[in-house]
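Trainee: What follows is run17.txt, made up of compact mmCIF, C-alpha atoms and all ligand atoms:
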# COMPACT_ATOMS: atom_id res chain seq x y z
CA MET A 1 126.74 117.27 91.93
CA ALA A 2 124.37 118.31 94.67
CA LEU A 3 121.16 117.17 96.30
CA GLY A 4 119.02 120.34 96.22
CA LEU A 5 116.79 119.02 93.45
CA TYR A 6 116.45 115.60 95.12
CA ASN A 7 115.28 117.20 98.39
CA LYS A 8 112.98 119.65 96.64
CA LYS A 9 111.11 116.90 94.81
CA ARG A 10 110.26 114.94 97.96
CA ASN A 11 108.13 115.40 101.07
CA PHE A 12 110.06 113.53 103.76
CA SER A 13 107.14 113.45 106.17
CA LYS A 14 105.37 111.26 103.60
CA THR A 15 108.06 109.15 101.95
CA PRO A 16 110.43 106.67 103.64
CA GLU A 17 113.21 107.63 101.21
CA PRO A 18 116.33 109.02 102.92
CA LYS A 19 116.80 112.78 103.19
CA GLY A 20 119.62 113.96 100.98
CA LYS A 21 123.04 114.60 102.51
CA VAL A 22 126.27 114.68 100.53
CA SER A 23 128.41 111.79 101.77
CA HIS A 24 132.12 111.84 102.56
CA GLN A 25 132.57 108.17 101.85
CA GLN A 26 134.21 107.00 98.67
CA LYS A 27 133.27 103.43 98.04
CA ASN A 28 132.55 103.50 94.31
CA LEU A 29 129.07 102.11 94.87
CA TYR A 30 127.15 100.85 91.90
CA ILE A 31 123.38 100.33 92.32
CA ILE A 32 120.40 99.44 90.15
CA GLN A 33 116.90 99.86 91.58
CA LYS A 34 113.93 98.43 89.72
CA HIS A 35 111.16 100.99 90.15
CA ALA A 36 107.50 100.42 89.35
CA ALA A 37 106.38 104.08 89.23
CA SER A 38 103.94 105.28 86.55
CA HIS A 39 106.16 103.23 84.21
CA LEU A 40 108.51 100.43 85.17
CA HIS A 41 112.17 101.43 84.81
CA TYR A 42 115.59 100.62 86.21
CA ASP A 43 117.45 103.38 88.09
CA PHE A 44 121.14 103.05 87.35
CA ARG A 45 123.39 104.78 89.92
CA LEU A 46 127.12 105.37 90.27
CA GLU A 47 128.69 106.99 93.33
CA LEU A 48 130.86 109.98 92.45
CA ASN A 49 131.93 112.87 94.71
CA GLY A 50 129.55 112.02 97.56
CA VAL A 51 126.34 111.45 95.58
CA LEU A 52 124.82 108.80 93.35
CA LEU A 53 124.76 109.95 89.73
CA SER A 54 121.48 108.59 88.41
CA TRP A 55 119.91 107.53 85.13
CA ALA A 56 116.44 106.02 84.59
CA VAL A 57 116.71 103.19 82.07
CA PRO A 58 113.20 102.27 80.82
CA LYS A 59 114.15 98.83 79.47
CA GLY A 60 116.90 98.08 81.97
CA PRO A 61 120.44 96.95 81.21
CA SER A 62 121.40 94.48 78.50
CA LEU A 63 124.52 92.34 78.21
CA ASP A 64 124.42 92.64 74.42
CA PRO A 65 126.94 95.19 73.05
CA LYS A 66 124.68 95.69 70.04
CA VAL A 67 121.84 96.92 72.23
CA LYS A 68 121.79 100.63 73.18
CA ARG A 69 119.53 101.25 76.15
CA LEU A 70 118.07 104.72 76.52
CA ALA A 71 119.13 106.18 79.89
CA MET A 72 117.42 109.38 81.04
CA HIS A 73 119.67 111.40 83.30
CA VAL A 74 117.82 112.30 86.52
CA GLU A 75 118.72 114.20 89.69
CA ASP A 76 121.63 113.09 91.89
CA HIS A 77 120.57 110.85 94.78
CA PRO A 78 122.09 110.56 98.27
CA VAL A 79 124.48 107.65 98.84
CA GLU A 80 122.14 106.20 101.51
CA TYR A 81 119.57 105.74 98.76
CA GLY A 82 121.69 102.84 97.58
CA SER A 83 120.29 100.52 100.24
CA PHE A 84 116.65 101.59 99.83
CA GLU A 85 114.04 98.99 99.03
CA GLY A 86 110.37 99.49 99.78
CA ILE A 87 107.38 101.51 98.66
CA ILE A 88 107.02 105.22 97.99
CA PRO A 89 103.43 106.21 98.83
CA LYS A 90 100.99 106.82 95.99
CA GLY A 91 100.72 110.48 95.04
CA GLU A 92 104.31 111.20 96.18
CA TYR A 93 107.13 111.81 93.69
CA GLY A 94 108.09 108.44 92.17
CA GLY A 95 105.24 106.70 94.02
CA GLY A 96 105.44 102.90 93.65
CA THR A 97 107.58 99.90 94.53
CA VAL A 98 111.38 100.12 94.63
CA MET A 99 113.49 96.93 94.47
CA LEU A 100 117.23 96.78 94.99
CA TRP A 101 117.91 94.86 91.78
CA ASP A 102 121.71 94.88 91.72
CA LYS A 103 124.58 96.30 93.78
CA GLY A 104 128.34 96.29 93.79
CA LYS A 105 131.21 98.55 92.79
CA TRP A 106 132.16 100.48 89.70
CA TYR A 107 135.66 101.16 88.46
CA PRO A 108 136.10 104.15 86.13
CA GLU A 109 138.24 103.53 83.08
CA ASP A 110 138.50 107.24 82.30
CA LYS A 111 141.53 108.95 83.77
CA ASP A 112 139.36 111.73 85.19
CA PRO A 113 135.82 110.39 85.67
CA VAL A 114 134.39 113.78 86.74
CA LYS A 115 135.65 115.36 83.52
CA ALA A 116 134.49 112.36 81.47
CA TYR A 117 131.03 112.62 83.03
CA HIS A 118 130.77 116.32 82.19
CA GLU A 119 131.91 115.58 78.66
CA GLY A 120 129.16 113.01 78.32
CA HIS A 121 131.01 109.70 78.09
CA LEU A 122 131.76 107.44 81.02
CA HIS A 123 133.66 104.20 80.53
CA PHE A 124 133.77 101.82 83.46
CA ARG A 125 133.82 98.28 84.78
CA LEU A 126 131.09 96.91 87.03
CA LYS A 127 131.49 94.29 89.69
CA GLY A 128 127.95 93.53 90.80
CA LYS A 129 125.92 90.46 91.74
CA LYS A 130 124.19 90.52 88.34
CA LEU A 131 126.12 92.88 86.07
CA ASN A 132 129.83 92.50 85.48
CA GLY A 133 132.40 93.68 83.00
CA ARG A 134 132.75 96.83 80.94
CA PHE A 135 129.92 99.29 80.24
CA ASN A 136 129.55 102.79 78.77
CA LEU A 137 127.25 105.70 79.46
CA ILE A 138 127.25 108.00 76.45
CA ARG A 139 125.36 111.28 76.10
CA MET A 140 123.39 111.31 72.84
CA LYS A 141 124.30 114.82 71.83
CA LYS A 142 126.03 117.86 73.22
CA GLY A 143 123.69 120.35 74.86
CA ASP A 144 121.07 117.71 75.74
CA ASP A 145 122.01 116.51 79.21
CA LYS A 146 118.89 114.33 79.54
CA SER A 147 119.31 111.57 76.98
CA TRP A 148 122.14 109.08 77.30
CA PHE A 149 122.73 105.48 76.22
CA LEU A 150 123.81 102.59 78.44
CA ILE A 151 125.83 100.16 76.34
CA LYS A 152 127.74 96.98 77.20
CA SER A 153 131.28 96.67 75.85
CA ASN A 154 132.36 93.49 74.15
CA ASP A 155 134.12 91.35 76.77
CA ASP A 156 133.82 87.96 78.46
CA TYR A 157 130.57 89.02 80.18
CA ALA A 158 128.81 90.07 76.96
CA LYS A 159 125.92 87.89 75.74
CA PRO A 160 123.54 88.25 72.78
CA ILE A 161 120.10 89.32 73.97
CA ASP A 162 118.25 86.57 72.08
CA GLU A 163 120.22 84.05 74.14
CA TYR A 164 120.10 85.79 77.49
CA ASP A 165 117.97 88.71 78.63
CA ILE A 166 119.18 89.54 82.12
CA THR A 167 116.08 91.49 83.21
CA GLU A 168 113.94 88.40 82.45
CA GLU A 169 116.38 85.83 83.85
CA GLU A 170 117.07 87.78 87.06
CA PRO A 171 113.85 89.60 88.01
CA ASN A 172 114.15 89.58 91.82
CA SER A 173 115.76 91.60 94.61
CA VAL A 174 119.47 91.18 95.17
CA LYS A 175 118.89 92.12 98.82
CA THR A 176 115.92 89.95 99.79
CA LYS A 177 115.22 87.74 96.72
CA GLN A 178 111.67 89.10 96.80
CA THR A 179 109.55 89.83 93.71
CA MET A 180 108.07 93.29 93.11
CA ASP A 181 104.68 92.05 94.37
CA GLU A 182 106.19 90.61 97.53
CA ILE A 183 108.00 93.87 98.29
CA ALA A 184 104.78 95.83 97.77
CA GLU A 185 102.81 93.52 100.09
CA ASN A 186 105.44 93.20 102.81
CA TYR A 187 106.19 96.89 103.13
CA LYS A 188 102.53 97.79 103.10
CA ALA A 189 102.00 95.41 106.04
CA ILE A 190 104.94 96.94 107.94
CA TRP A 191 103.63 100.46 107.47
CA ASP A 192 100.03 99.69 108.26
CA LYS A 193 101.24 98.33 111.59
CA ALA A 194 103.56 101.30 112.20
CA GLY A 195 100.80 103.72 111.23
CA LEU A 196 98.64 102.63 114.18
CA LYS A 197 101.25 103.91 116.60
CA LYS A 198 101.78 107.24 114.93
CA ALA A 199 100.68 109.98 117.30
CA PRO A 200 100.71 112.93 114.85
CA ALA A 201 98.12 111.26 112.61
CA LYS A 202 95.79 110.81 115.60
CA LYS A 203 96.18 114.43 116.63
CA LYS A 204 95.35 115.51 113.10
CA ARG A 205 92.21 113.39 113.05
CA LEU A 206 91.16 114.82 116.39
CA ALA A 207 91.78 118.35 115.17
CA ALA A 208 89.72 117.66 112.06
CA LYS A 209 86.86 116.32 114.18
CA THR A 210 87.00 119.32 116.47
CA SER A 211 86.90 121.77 113.60
CA GLN A 212 84.03 119.77 112.09
CA ARG A 213 82.10 119.99 115.34
CA ARG A 214 82.82 123.70 115.50
CA LYS A 215 81.52 124.12 111.99
CA GLN A 216 78.38 122.13 112.78
CA SER A 217 77.67 124.15 115.89
CA SER A 218 78.20 127.51 114.20
MN MN A 301 112.98 105.89 89.47
Using structure tokens, write down the structure that the file contains.
Mentor:
Amino acid sequence: MALGLYNKKRNFSKTPEPKGKVSHQQKNLYIIQKHAASHLHYDFRLELNGVLLSWAVPKGPSLDPKVKRLAMHVEDHPVEYGSFEGIIPKGEYGGGTVMLWDKGKWYPEDKDPVKAYHEGHLHFRLKGKKLNGRFNLIRMKKGDDKSWFLIKSNDDYAKPIDEYDITEEEPNSVKTKQTMDEIAENYKAIWDKAGLKKAPAKKKRLAAKTSQRRKQSS
């Protein structure tokens, strides 16, 4: 559990995502971010030992215990990432709109969650605004750390998917109630405005002009 890979993948002068620092808090945060990158997916995150363990779930969570949702294990994220909503610029890693889709707490049901995680099976309860009750993250096979399944356990919160598909019924931000399109538009407007005041960009343009002039005169 470390943030080297997270920091390596991102250029923090170009993305508004937080720079990775291992946190000393222990709040058992649970987060899902809906992320319209090259493909729409849901980033499922659980705070453990100062970072957010992260899985990209292409189809998002389901409340149906019969439905296994593929969950691709991705790099640990900083805890501050858990409040991020906005847009990652095009061309940057993960470029696209990020919505805070659900948030709350998770409660491990394994005696030693760190050990359970390394062994490839996490059992836990969620207390979120959208997801509640017992869930499992299960590694598909030993030796392949990438592919896991996210599966609901059978409890009072379970519902058959043909009766209730939570990603369709609850599409919007848990933070701002905004849709993906609204987030994209609003953050673009904020940044366009902020961009006008950015001195470094101006300097760069000036430098480019100067070098152009130099080239023309030589
Ligand atoms: Mn993502």
Trainee: Could you jot down the atom CA of Lys9 of chain A to atom CA of Leu48 of chain A separation for me, Å, one decimal place?
Mentor: 21.1 Å
Trainee: Within 8 Å of ligand MN 301 (chain A) (counting only C-alpha atoms and all ligand atoms), which residues show up? I'd like them as number ranges by chain.
Mentor: A: 33-37, 41-43, 56, 94, 98
Trainee: Using all atoms listed in the file, determine which residues lie at most 9 Å from segment 131-148 of chain A, disregarding the query and same-chain residues fewer than 4 positions distant; provide the list as a PyMOL selection string.
Mentor: chain A and resi 55+61+63+65+69-74+102-104+109+117+119-127+152-158+166
Trainee: Measuring atom to atom with only C-alpha atoms, identify which of A:Glu17, A:Glu163, A:Asp76, A:Asp64 is nearest to Asn49 of chain A.
Mentor: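 Among the listed residues, A:Asp76 lies closest to Asn49 of chain A.
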Trainee: So, counting all atoms listed in the file, which residue among A:Ile88, A:Gly4, A:Pro113, A:Gly96 is closest to Asn28 of chain A?
Mentor: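 For Asn28 of chain A, the nearest of the given residues is A:Pro113.
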Trainee: Calculate how many Å separate atom CA of Ser173 of chain A from atom CA of Lys130 of chain A, rounding to one decimal.
Mentor: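 Distance between the two atoms: 10.6 Å.
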Trainee: With distances taken over all atoms listed in the file, which residue among A:Lys177, A:Ala184, A:Val114, A:Lys59 lies nearest Asp165 of chain A?
Mentor: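 Ranking A:Lys177, A:Ala184, A:Val114, A:Lys59 by distance to Asp165 of chain A, first place goes to A:Lys59.
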Trainee: Could you tell me how far atom CA of Ser62 of chain A lies from atom CA of Lys129 of chain A, in Å and to one decimal?
Mentor: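 Atom CA of Lys129 of chain A lies at a distance of 14.6 Å from atom CA of Ser62 of chain A.
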Trainee: Mind listing whatever residues come within 7 Å of the point (129.7, 111.9, 97.5)? Use only C-alpha atoms, file coordinates, and give them as a ChimeraX atom specification.
Mentor: /A:22-26,47-51,79
Trainee: For Leu53 of chain A, which residue among A:His77, A:Lys8, A:Lys66, A:Lys111 is the nearest when counting all atoms listed in the file?
Mentor: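 With all atoms listed in the file as the atom set, the closest residue is A:His77.
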Trainee: Find, counting only C-alpha atoms, the residue in A:Val67, A:Leu150, A:Thr167, A:Met99 that gets nearest to Glu182 of chain A.
Mentor: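 Under the stated criterion, the closest residue is A:Met99.
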Trainee: Mind checking which residues fall within 12 Å of Gly91 of chain A, counting all atoms listed in the file, ignoring those fewer than 6 positions away in the same chain, and posting them as a PyMOL selection string?
Mentor: chain A and resi 10-11+14-15+37-38
Trainee: Choose the residue, out of A:His118, A:Leu100, A:Gly95, A:Ser54, that has the smallest atom-to-atom separation from His39 of chain A; count all atoms listed in the file.
Mentor: A:Gly95
